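Here's query-v3.cif, which has mmCIF, C-alpha atoms:
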data_run
loop_
_atom_site.label_atom_id
_atom_site.label_comp_id
_atom_site.auth_asym_id
_atom_site.auth_seq_id
_atom_site.Cartn_x
_atom_site.Cartn_y
_atom_site.Cartn_z
CA PHE A 195 0.00 0.00 0.00
CA GLY A 196 2.88 2.36 0.78
CA SER A 197 4.37 1.67 -2.62
CA SER A 198 1.03 2.49 -4.28
CA ILE A 199 0.84 5.81 -2.44
CA PHE A 200 4.39 6.60 -3.49
CA ARG A 201 3.64 5.81 -7.14
CA THR A 202 0.55 8.03 -7.04
CA ALA A 203 2.59 10.89 -5.57
CA ASN A 204 5.33 10.64 -8.16
CA LEU A 205 2.97 10.32 -11.11
CA PHE A 206 1.05 13.35 -9.89
CA PHE A 207 4.32 15.26 -9.40
CA ILE A 208 5.33 14.58 -13.00
CA SER A 209 1.91 15.68 -14.22
CA VAL A 210 2.07 18.94 -12.27
CA MET A 211 5.58 19.63 -13.57
CA LEU A 212 4.16 19.44 -17.10
CA LEU A 213 1.01 21.42 -16.33
CA THR A 214 2.73 24.32 -14.55
CA ARG A 215 4.90 25.21 -17.53
CA GLN A 216 4.77 28.73 -18.89
CA THR A 217 1.67 29.58 -20.89
CA PRO A 218 2.46 29.69 -24.63
CA GLU A 219 2.63 33.06 -26.35
CA ALA A 220 -0.45 34.39 -28.05
CA SER A 221 -0.97 33.61 -31.72
CA PRO A 222 -0.10 36.27 -34.30
CA SER A 223 -3.78 36.71 -35.08
CA CYS A 224 -4.39 38.37 -31.69
CA THR A 225 -4.49 42.14 -31.96
CA THR A 226 -2.23 44.42 -29.95
CA GLU A 227 -5.18 46.07 -28.27
CA ARG A 228 -6.61 42.74 -27.11
CA LEU A 229 -3.28 41.66 -25.66
CA ARG A 230 -2.86 45.00 -23.89
CA THR A 231 -6.35 44.73 -22.35
CA THR A 232 -5.84 41.14 -21.22
CA LEU A 233 -2.43 41.81 -19.66
CA SER A 234 -3.74 44.90 -17.89
CA SER A 235 -6.70 42.99 -16.42
CA CYS A 236 -4.49 40.13 -15.25
CA ALA A 237 -2.01 42.54 -13.69
CA ILE A 238 -4.76 44.36 -11.76
CA GLU A 239 -6.21 41.09 -10.49
CA SER A 240 -2.74 39.81 -9.55
CA SER A 241 -2.00 43.03 -7.64
CA ARG A 242 -5.31 42.77 -5.78
CA THR A 243 -4.67 39.13 -4.88
CA THR A 244 -1.11 39.88 -3.73
CA SER A 245 -2.25 42.67 -1.39
CA GLU A 246 -4.80 40.34 0.16
CA GLN A 247 -2.18 37.59 0.57
CA ASP A 248 0.23 39.92 2.40
CA ALA A 249 -2.32 40.41 5.18
CA SER A 250 -3.05 36.70 5.59
CA PRO A 251 -1.35 34.66 8.35
CA GLN A 252 1.50 32.31 7.52
CA LEU A 253 2.63 30.14 10.45
CA THR A 254 -0.51 28.86 12.20
CA ALA A 255 -1.37 25.85 14.33
CA ARG A 256 -3.44 24.17 11.63
CA ALA A 257 -0.67 24.66 9.05
CA ALA A 258 1.88 23.03 11.38
CA LEU A 259 -0.42 20.14 12.35
CA GLY A 260 -1.58 19.59 8.78
CA GLY A 261 2.01 19.56 7.52
CA LEU A 262 2.99 17.12 10.26
CA LEU A 263 0.12 14.80 9.34
CA VAL A 264 0.89 14.76 5.62
CA GLY A 265 4.63 14.60 6.23
CA THR A 266 4.31 11.59 8.53
CA LEU A 267 2.44 9.63 5.87
CA LEU A 268 5.04 10.55 3.25
CA CYS A 269 7.80 9.68 5.73
CA PHE A 270 6.63 6.06 5.89
CA THR A 271 6.39 5.80 2.11
CA ASN A 272 9.84 7.38 1.76
CA MET A 273 11.31 4.86 4.18
CA HIS A 274 9.83 2.01 2.14
CA PHE A 275 11.03 3.40 -1.17
CA GLY A 276 14.32 4.74 0.16
CA LEU A 277 15.50 1.38 1.44
CA GLN A 278 15.07 0.07 -2.12
CA THR A 279 16.61 2.94 -4.04
CA GLY A 280 18.55 5.10 -1.56
CA TRP A 281 16.49 8.18 -2.45
CA VAL A 282 13.21 9.79 -1.42
CA THR A 283 10.69 12.34 -2.66
CA MET A 284 10.15 15.67 -0.91
CA GLY A 285 6.40 15.61 -1.48
CA SER A 286 6.04 19.40 -1.57
CA ILE A 287 3.46 19.35 -4.36
CA GLN A 288 1.50 16.54 -2.73
CA ALA A 289 1.48 18.38 0.60
CA ALA A 290 0.29 21.62 -0.99
CA VAL A 291 -2.61 19.88 -2.73
CA VAL A 292 -3.67 17.80 0.28
CA GLY A 293 -3.41 20.79 2.61
CA PHE A 294 -5.49 22.92 0.26
CA ILE A 295 -8.20 20.24 0.13
CA MET A 296 -8.21 19.71 3.90
CA PHE A 297 -8.63 23.34 4.93
CA ARG A 298 -10.43 24.83 1.93
CA PHE A 299 -13.27 22.38 1.36
CA CYS A 300 -13.66 20.48 4.63
CA PRO A 301 -16.47 21.76 6.91
CA GLY A 302 -15.63 23.45 10.18
CA HIS A 303 -12.92 25.77 8.84
CA THR A 304 -14.49 29.19 8.51
CA LYS A 305 -11.19 31.07 8.22
CA GLN A 306 -9.81 31.20 4.70
CA PHE A 307 -6.78 29.05 3.97
CA GLY A 308 -4.37 31.32 2.09
CA PRO A 309 -1.24 30.70 0.00
CA ARG A 310 1.16 31.89 2.71
CA GLU A 311 -0.33 29.37 5.10
CA ASN A 312 -0.09 26.67 2.44
CA VAL A 313 3.63 27.44 2.02
CA ALA A 314 4.13 26.93 5.76
CA LEU A 315 2.17 23.65 5.62
CA GLN A 316 4.22 22.19 2.78
CA THR A 317 7.45 23.34 4.45
CA VAL A 318 6.62 21.40 7.63
CA SER A 319 5.54 18.43 5.54
CA VAL A 320 8.77 18.37 3.50
CA ALA A 321 10.89 18.59 6.67
CA THR A 322 9.01 15.58 8.09
CA ALA A 323 8.83 13.56 4.88
CA THR A 324 12.57 13.76 4.14
CA MET A 325 13.62 12.50 7.57
CA PRO A 326 14.62 9.04 6.23
CA LEU A 327 17.14 10.67 3.89
CA ALA A 328 18.22 13.55 6.13
CA GLY A 329 18.68 11.19 9.08
CA GLY A 330 20.62 8.67 7.03
CA PHE A 331 18.12 5.86 7.63
CA VAL A 332 18.04 4.90 3.95
CA GLY A 333 21.78 5.14 3.37
CA ILE A 334 24.27 5.66 6.18
CA VAL A 335 22.63 3.67 8.97
CA PRO A 336 21.98 0.55 6.82
CA ALA A 337 25.54 0.78 5.46
CA LEU A 338 26.95 0.69 8.99
CA GLY A 339 25.29 -2.69 9.45
CA LEU A 340 27.20 -4.06 6.45
CA LEU A 341 30.60 -3.34 7.99
CA GLU A 342 32.74 -6.03 9.57
CA PRO A 343 32.18 -5.96 12.47
CA ALA A 344 28.73 -4.49 12.01
CA VAL A 345 27.90 -1.20 13.71
CA LYS A 346 24.33 -1.20 15.04
CA LEU A 347 22.83 1.84 16.74
CA SER A 348 20.37 1.44 19.56
CA LEU A 349 17.10 3.36 19.72
CA TRP A 350 18.52 6.07 21.99
CA GLN A 351 21.65 6.37 19.86
CA ARG A 352 19.44 6.99 16.84
CA PHE A 353 17.57 9.69 18.73
CA ILE A 354 20.86 11.39 19.60
CA TRP A 355 22.01 11.02 16.01
CA CYS A 356 18.84 12.74 14.71
CA ALA A 357 19.08 15.49 17.33
CA ALA A 358 22.67 16.24 16.30
CA LEU A 359 21.74 16.37 12.62
CA THR A 360 18.81 18.68 13.42
CA TYR A 361 21.07 21.01 15.42
CA PHE A 362 23.63 21.37 12.63
CA GLY A 363 20.96 21.49 9.93
CA VAL A 364 19.15 24.46 11.48
CA PHE A 365 22.32 26.55 11.74
CA LEU A 366 23.63 25.60 8.29
CA ALA A 367 20.30 26.21 6.52
CA VAL A 368 20.40 29.99 7.01
CA PRO A 369 23.77 30.71 5.30
CA LEU A 370 23.03 28.13 2.59
CA ARG A 371 19.69 29.78 1.85
CA ARG A 372 21.31 33.20 1.68
CA GLN A 373 23.98 32.02 -0.77
CA THR A 374 21.90 29.75 -3.02
CA ILE A 375 18.54 31.55 -3.02
CA LEU A 376 19.26 35.23 -2.41
CA VAL A 377 22.76 35.67 -3.86
CA GLU A 378 23.09 33.12 -6.68
CA LYS A 379 19.31 32.90 -7.29
CA LEU A 380 19.56 29.25 -8.33
CA PRO A 381 16.39 27.85 -9.93
CA PHE A 382 15.00 24.78 -8.20
CA PRO A 383 12.57 22.80 -10.44
CA SER A 384 10.57 21.28 -7.59
CA GLY A 385 10.32 24.58 -5.73
CA THR A 386 9.29 26.41 -8.90
CA ALA A 387 6.61 23.82 -9.68
CA THR A 388 5.30 24.00 -6.09
CA ALA A 389 5.11 27.79 -6.21
CA ARG A 390 3.21 27.72 -9.51
CA LEU A 391 0.83 25.10 -8.13
CA ILE A 392 0.08 27.11 -4.97
CA GLU A 393 -0.46 30.17 -7.15
CA LEU A 394 -2.93 28.18 -9.24
CA LEU A 395 -4.77 26.71 -6.25
CA HIS A 396 -5.34 30.06 -4.57
CA ALA A 397 -5.89 32.19 -7.68
CA ARG A 398 -9.20 34.01 -7.99
CA PRO A 399 -9.32 35.44 -11.53
CA ASP A 400 -11.83 37.93 -12.80
CA ALA A 401 -14.59 36.22 -14.77
CA ALA A 402 -14.61 39.09 -17.28
CA THR A 403 -11.05 38.48 -18.47
CA ASP A 404 -9.23 35.72 -20.33
CA CYS A 405 -7.46 34.82 -17.07
CA SER A 406 -10.64 33.06 -15.92
CA GLU A 407 -10.68 30.64 -18.85
CA ASP A 408 -6.98 29.87 -18.46
CA TRP A 409 -7.55 29.27 -14.74
CA ARG A 410 -10.40 26.82 -15.42
CA ALA A 411 -8.34 24.99 -18.06
CA ARG A 412 -5.45 24.52 -15.68
CA TRP A 413 -7.79 23.25 -12.97
CA ARG A 414 -9.31 20.71 -15.36
CA CYS A 415 -5.85 19.46 -16.37
CA LEU A 416 -4.80 19.26 -12.72
CA LEU A 417 -7.85 17.19 -11.72
CA TRP A 418 -7.47 14.88 -14.70
CA ALA A 419 -3.81 14.31 -13.84
CA LEU A 420 -4.74 13.51 -10.22
CA ALA A 421 -7.46 11.08 -11.29
CA ALA A 422 -5.21 9.32 -13.82
CA SER A 423 -2.31 8.90 -11.40
CA PHE A 424 -4.62 7.66 -8.64
CA LEU A 425 -6.36 5.11 -10.87
CA LEU A 426 -3.06 3.80 -12.20
CA ALA A 427 -1.63 3.36 -8.71
CA LEU A 428 -4.88 1.78 -7.47
CA ALA A 429 -4.90 -0.66 -10.39
CA GLY A 430 -1.31 -1.59 -9.62
CA PHE A 431 -2.24 -2.32 -6.00
CA PHE A 432 -4.92 -4.86 -6.96
CA LEU A 433 -3.20 -6.13 -10.12
CA PRO A 434 0.48 -6.77 -9.30
CA ALA A 435 1.33 -7.05 -13.00
CA LEU A 436 0.57 -3.34 -13.44
CA ALA A 437 2.57 -2.38 -10.35
CA ASN A 438 5.89 -3.59 -11.76
CA LEU A 439 6.18 -2.67 -15.40
CA LYS A 440 9.71 -3.74 -16.29
CA ILE A 441 10.49 -0.87 -18.63
CA GLY A 442 14.25 -1.37 -18.19
CA SER A 443 14.09 -4.87 -19.63
CA TRP A 444 11.95 -3.67 -22.53
CA VAL A 445 14.57 -1.14 -23.62
CA GLY A 446 17.55 -3.44 -23.17
CA LEU A 447 18.61 -2.38 -19.66
CA PRO A 448 17.93 -5.43 -17.44
CA ALA A 449 20.10 -3.98 -14.65
CA LEU A 450 17.33 -1.50 -13.89
CA THR A 451 14.87 -4.35 -13.37
CA THR A 452 17.37 -6.18 -11.17
CA TRP A 453 17.49 -3.17 -8.86
CA HIS A 454 13.68 -2.90 -8.87
CA TRP A 455 13.56 0.27 -10.99
CA THR A 456 10.11 -0.42 -12.39
CA LEU A 457 7.10 1.76 -13.13
#
Re-express the file's structure as structure tokens.
Amino acid sequence: FGSSIFRTANLFFISVMLLTRQTPEASPSCTTERLRTTLSSCAIESSRTTSEQDASPQLTARAALGGLLVGTLLCFTNMHFGLQTGWVTMGSIQAAVVGFIMFRFCPGHTKQFGPRENVALQTVSVATATMPLAGGFVGIVPALGLLEPAVKLSLWQRFIWCAALTYFGVFLAVPLRRQTILVEKLPFPSGTATARLIELLHARPDAATDCSEDWRARWRCLLWALAASFLLALAGFFLPALANLKIGSWVGLPALTTWHWTL
């Protein structure tokens, strides 16, 4: 079941990466006046939405608890997948979508769930979901058990190990963020896709402009991608033949199948 959830998450991530690409340029048949009107309307709506977002809260109790809940589920799937491949998924896109659904459509939440709060939720979720990799539980710790003699850490030793990594990670994150994000302005594909997705989820376009139709089209594509990835993963759970499509062997790379790199 954990493998099925992981496959759904990754298929949905790939779909969102494709759907959040830049909108193609207008065709030559569009007049200059029409383009100027459309861009002006979109800019006004974007400015209005941005001013409303600046006043919304960011770090709240429900964002932290929601991120912890989603991150814990992804943490278990990452542990399962990481022990097979040595790598994990951050799950930032999955956390943003699940958090949006939980607090935007579920009854009992009268306060609006804004994009700044969604960013905080997915940040907490990513920090929790990547614990198997950050803590070395899918790489370093298993490798210690392969040494001769084997080095095995007790439960309390693992707690101390995680606490030490957390301590150094918090103090190293600030200078690394300043250098990579603020100074060098490095583009991160997953972060860019997550930002575009959150922008899409919380956008409220004006029905009188072309932005509204583009917004509806993106929502339809997003829902279709979610449904397709979910159905494929669900079919693979009940039909094992669909859960392990040996693509490596089909293209002449049997080593990929040997290491369980299947779709």
Quick check, in Å to one decimal: how far apart do CA of Asn272 in chain A and CA of Ser286 in chain A lie? 13.0 Å
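The space between CA of Ala357 in chain A and CA of Ala257 in chain A spans 23.3 Å.
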Name the residues that the PyMOL selection byres ((chain A and resi 294) around 10) picks from the file above, as a list of chain:residue names, using the file's chain letters and numbers. A:Gly260, A:Gln288, A:Ala289, A:Ala290, A:Val291, A:Val292, A:Gly293, A:Ile295, A:Met296, A:Phe297, A:Arg298, A:Phe299, A:Cys300, A:Phe307, A:Gly308, A:Pro309, A:Glu311, A:Asn312, A:Leu315, A:Ile392, A:Leu395, A:His396
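Of the listed residues A:Ser319, A:Trp409, A:Leu457, A:Val335, the one whose atoms come nearest to Ala397 in chain A is A:Trp409, with distances taken using all atoms listed in the file.
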Dump as an MDAnalysis selection string all residues having an atom at most 10 Å from (10.3, 1.3, -14.4), computed in the file's coordinates with all atoms listed in the file. chainID A and resid 437:444 450:451 454:457
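Here CA of Ala337 in chain A stands at a distance of 13.2 Å from CA of Thr279 in chain A.
Shortest separation to Val282 in chain A among A:Leu376, A:Leu263, A:Ala328, A:Leu366 occurs at residue A:Ala328, atoms counted being only C-alpha atoms.
Using all atoms listed in the file, the nearest neighbour of Tyr361 in chain A within the list A:Gly265, A:Pro381, A:Pro336, A:Gly329 is A:Gly329.
Shortest separation to Thr388 in chain A among A:Val320, A:Leu420, A:Phe432, A:Thr271 occurs at residue A:Val320, atoms counted being all atoms listed in the file.
With all atoms listed in the file as the atoms that count, the minimum distance from Gly280 in chain A to the choices A:Val445, A:Ala358, A:Ile334, A:Ala255 is reached by A:Ile334.
Residues matching the PyMOL selection byres ((chain A and resi 273) around 10) in this structure come to Gly196, Leu268, Cys269, Phe270, Thr271, Asn272, His274, Phe275, Gly276, Leu277, Gln278, Thr279, Gly280, Trp281, Val282, Ala323, Thr324, Met325, Pro326, Leu327, Phe331 and Val332 of chain A.
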Keeping just N, CA and C atoms, export range 269-284 of chain A of this structure as a CSV table (one decimal), in the first residue's frame.
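The result, stored in out_7.csv:
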chain,number,residue,atom,x,y,z
A,269,CYS,N,6.6,10.2,5.1
A,269,CYS,CA,7.8,9.7,5.7
A,269,CYS,C,7.8,8.2,5.7
A,270,PHE,N,6.7,7.5,5.9
A,270,PHE,CA,6.6,6.1,5.9
A,270,PHE,C,6.8,5.6,4.5
A,271,THR,N,6.2,6.2,3.5
A,271,THR,CA,6.4,5.8,2.1
A,271,THR,C,7.8,6.0,1.6
A,272,ASN,N,8.4,7.1,2.1
A,272,ASN,CA,9.8,7.4,1.8
A,272,ASN,C,10.8,6.3,2.4
A,273,MET,N,10.5,5.9,3.6
A,273,MET,CA,11.3,4.9,4.2
A,273,MET,C,11.2,3.6,3.4
A,274,HIS,N,10.0,3.2,2.9
A,274,HIS,CA,9.8,2.0,2.1
A,274,HIS,C,10.6,2.1,0.8
A,275,PHE,N,10.4,3.2,0.1
A,275,PHE,CA,11.0,3.4,-1.2
A,275,PHE,C,12.5,3.7,-1.0
A,276,GLY,N,12.9,4.4,0.0
A,276,GLY,CA,14.3,4.7,0.2
A,276,GLY,C,15.2,3.6,0.4
A,277,LEU,N,14.7,2.6,1.2
A,277,LEU,CA,15.5,1.4,1.4
A,277,LEU,C,15.7,0.6,0.2
A,278,GLN,N,14.9,0.8,-0.8
A,278,GLN,CA,15.1,0.1,-2.1
A,278,GLN,C,16.0,0.8,-3.1
A,279,THR,N,15.9,2.1,-3.0
A,279,THR,CA,16.6,2.9,-4.0
A,279,THR,C,17.7,3.9,-3.5
A,280,GLY,N,17.6,4.2,-2.2
A,280,GLY,CA,18.5,5.1,-1.6
A,280,GLY,C,18.2,6.5,-1.8
A,281,TRP,N,16.9,6.8,-2.2
A,281,TRP,CA,16.5,8.2,-2.4
A,281,TRP,C,15.0,8.3,-2.0
A,282,VAL,N,14.6,9.5,-1.9
A,282,VAL,CA,13.2,9.8,-1.4
A,282,VAL,C,12.6,10.9,-2.2
A,283,THR,N,11.3,11.2,-2.1
A,283,THR,CA,10.7,12.3,-2.7
A,283,THR,C,10.4,13.3,-1.6
A,284,MET,N,10.5,14.6,-1.9
A,284,MET,CA,10.2,15.7,-0.9
A,284,MET,C,8.7,15.8,-0.6
